[in-house]
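S.K.: Below is the file data.cif, with mmCIF, C-alpha atoms.
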data_target
#
loop_
_atom_site.group_PDB
_atom_site.id
_atom_site.type_symbol
_atom_site.label_atom_id
_atom_site.label_comp_id
_atom_site.auth_asym_id
_atom_site.auth_seq_id
_atom_site.Cartn_x
_atom_site.Cartn_y
_atom_site.Cartn_z
ATOM 1 C CA MET X 19 -17.070 38.614 -26.689
ATOM 2 C CA ILE X 20 -20.020 40.923 -26.963
ATOM 3 C CA LEU X 21 -20.431 43.698 -24.397
ATOM 4 C CA SER X 22 -24.112 42.832 -23.985
ATOM 5 C CA ARG X 23 -23.193 39.352 -22.668
ATOM 6 C CA VAL X 24 -21.069 40.934 -19.951
ATOM 7 C CA SER X 25 -23.925 43.324 -19.115
ATOM 8 C CA ASP X 26 -26.446 40.482 -18.969
ATOM 9 C CA TYR X 27 -24.182 38.450 -16.680
ATOM 10 C CA MET X 28 -23.697 41.404 -14.345
ATOM 11 C CA LYS X 29 -27.432 42.200 -14.292
ATOM 12 C CA GLN X 30 -28.200 38.609 -13.359
ATOM 13 C CA HIS X 31 -25.472 38.144 -10.721
ATOM 14 C CA ARG X 32 -25.369 41.769 -9.439
ATOM 15 C CA ARG X 33 -21.765 41.330 -8.193
ATOM 16 C CA ALA X 34 -18.953 39.290 -9.734
ATOM 17 C CA SER X 35 -15.209 39.022 -9.846
ATOM 18 C CA VAL X 36 -13.282 39.119 -13.097
ATOM 19 C CA LEU X 37 -12.523 35.419 -12.613
ATOM 20 C CA ASP X 38 -16.211 34.600 -12.057
ATOM 21 C CA LEU X 39 -17.010 36.380 -15.315
ATOM 22 C CA ALA X 40 -14.184 34.570 -17.105
ATOM 23 C CA HIS X 41 -15.520 31.185 -16.019
ATOM 24 C CA GLY X 42 -19.172 32.064 -16.574
ATOM 25 C CA LEU X 43 -18.660 33.526 -20.042
ATOM 26 C CA ASP X 44 -15.712 31.363 -21.122
ATOM 27 C CA ALA X 45 -13.642 34.453 -21.872
ATOM 28 C CA ALA X 46 -10.158 35.767 -21.160
ATOM 29 C CA PRO X 47 -9.896 37.909 -18.015
ATOM 30 C CA ASP X 48 -7.918 40.613 -19.864
ATOM 31 C CA ALA X 49 -10.660 40.977 -22.479
ATOM 32 C CA LEU X 50 -13.264 41.204 -19.734
ATOM 33 C CA LYS X 51 -11.323 43.906 -17.891
ATOM 34 C CA GLY X 52 -11.504 46.062 -21.002
ATOM 35 C CA MET X 53 -15.247 45.546 -21.307
ATOM 36 C CA LEU X 54 -15.780 46.218 -17.623
ATOM 37 C CA GLY X 55 -13.846 49.451 -18.079
ATOM 38 C CA ILE X 56 -16.274 50.486 -20.816
ATOM 39 C CA LEU X 57 -19.266 49.614 -18.638
ATOM 40 C CA GLU X 58 -17.713 51.497 -15.735
ATOM 41 C CA ARG X 59 -17.271 54.650 -17.855
ATOM 42 C CA LYS X 60 -20.918 54.340 -18.928
ATOM 43 C CA GLY X 61 -21.973 54.153 -15.265
ATOM 44 C CA ARG X 62 -23.378 50.619 -15.478
ATOM 45 C CA VAL X 63 -20.890 48.872 -13.200
ATOM 46 C CA ARG X 64 -18.530 50.041 -10.527
ATOM 47 C CA ARG X 65 -15.322 48.471 -9.350
ATOM 48 C CA LEU X 66 -15.487 47.743 -5.656
ATOM 49 C CA PRO X 67 -12.594 48.716 -3.377
ATOM 50 C CA ALA X 68 -9.821 46.201 -2.748
ATOM 51 C CA GLY X 69 -10.634 44.061 0.257
ATOM 52 C CA THR X 70 -14.382 43.985 -0.410
ATOM 53 C CA ALA X 71 -15.670 40.499 0.396
ATOM 54 C CA CYS X 72 -17.360 38.688 -2.470
ATOM 55 C CA ASN X 73 -19.658 36.667 -0.170
ATOM 56 C CA GLY X 74 -18.375 33.499 -1.812
ATOM 57 C CA CYS X 75 -16.240 30.636 -0.574
ATOM 58 C CA HIS X 76 -13.757 32.782 1.444
ATOM 59 C CA LYS X 77 -10.784 30.769 0.118
ATOM 60 C CA CYS X 78 -8.999 33.670 -1.562
ATOM 61 C CA ASP X 79 -7.453 36.843 -0.270
ATOM 62 C CA PRO X 80 -10.058 39.615 -0.732
ATOM 63 C CA ASN X 81 -7.271 42.033 -1.652
ATOM 64 C CA SER X 82 -6.387 39.920 -4.694
ATOM 65 C CA VAL X 83 -9.904 39.813 -6.173
ATOM 66 C CA GLU X 84 -11.220 42.422 -8.614
ATOM 67 C CA LEU X 85 -14.919 42.759 -7.846
ATOM 68 C CA TYR X 86 -17.498 44.645 -9.887
ATOM 69 C CA GLU X 87 -21.082 45.472 -9.039
ATOM 70 C CA TRP X 88 -23.978 46.229 -11.380
ATOM 71 C CA VAL X 89 -25.369 49.703 -10.724
ATOM 72 C CA GLY X 90 -27.939 49.883 -13.475
ATOM 73 C CA GLY X 91 -28.616 51.292 -16.847
#
Could you show the structure in this file as structure tokens?

M.R.:
Amino acid sequence: MILSRVSDYMKQHRRASVLDLAHGLDAAPDALKGMLGILERKGRVRRLPAGTACNGCHKCDPNSVELYEWVGG
């Protein structure tokens, strides 16, 4: 998985969970967490606090979802 694909996905969707990224990019969630960590250290994404609503289907517990938001760069 190339870091630029994760960046492009986040730029396009603005906010996504690790599972959304995994489905959208056909990648393993653990690999994506590492890439999101890199992007977070570079100031391009930020991890949202636990309990933040994803504005999706509302079928999951918000406290169990890891959400990230694109902040630029």

S.K.: Can you tell me, as a VMD selection string, what residues are no more than 12 Å from Gly52 in chain X when counting only C-alpha atoms, ignoring any on the same chain fewer than 6 positions away?

M.R.: chain X and resid 19 to 21 24 36 45 to 46 58 to 59

S.K.: Step by step: start from the point (-16.7, 41.1, -15.4) in the file's coordinates, keep every protein, DNA or RNA residue that has an atom no farther than 8 Å from it, count all atoms listed in the file, and write the set as a PyMOL selection string.

M.R.: chain X and resi 24+28+34-40+47+50-51+53-54+85-86

S.K.: I'd like the interatomic distance between CA of Gly69 in chain X and CA of Ser22 in chain X, to a tenth of an Å.

M.R.: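 Atom-to-atom, CA of Gly69 in chain X to CA of Ser22 in chain X, that is 27.8 Å.
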
S.K.: How far is it from CA of Gly42 in chain X to CA of Asp26 in chain X, in Å with one decimal?

M.R.: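 Computed distance, CA of Gly42 in chain X to CA of Asp26 in chain X, equals 11.4 Å.
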
S.K.: Find, counting all atoms listed in the file, the residue in X:His41, X:Arg23, X:Gln30, X:Glu87 that gets nearest to Arg64 in chain X.

M.R.: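 Under the stated criterion, the closest residue is X:Glu87.
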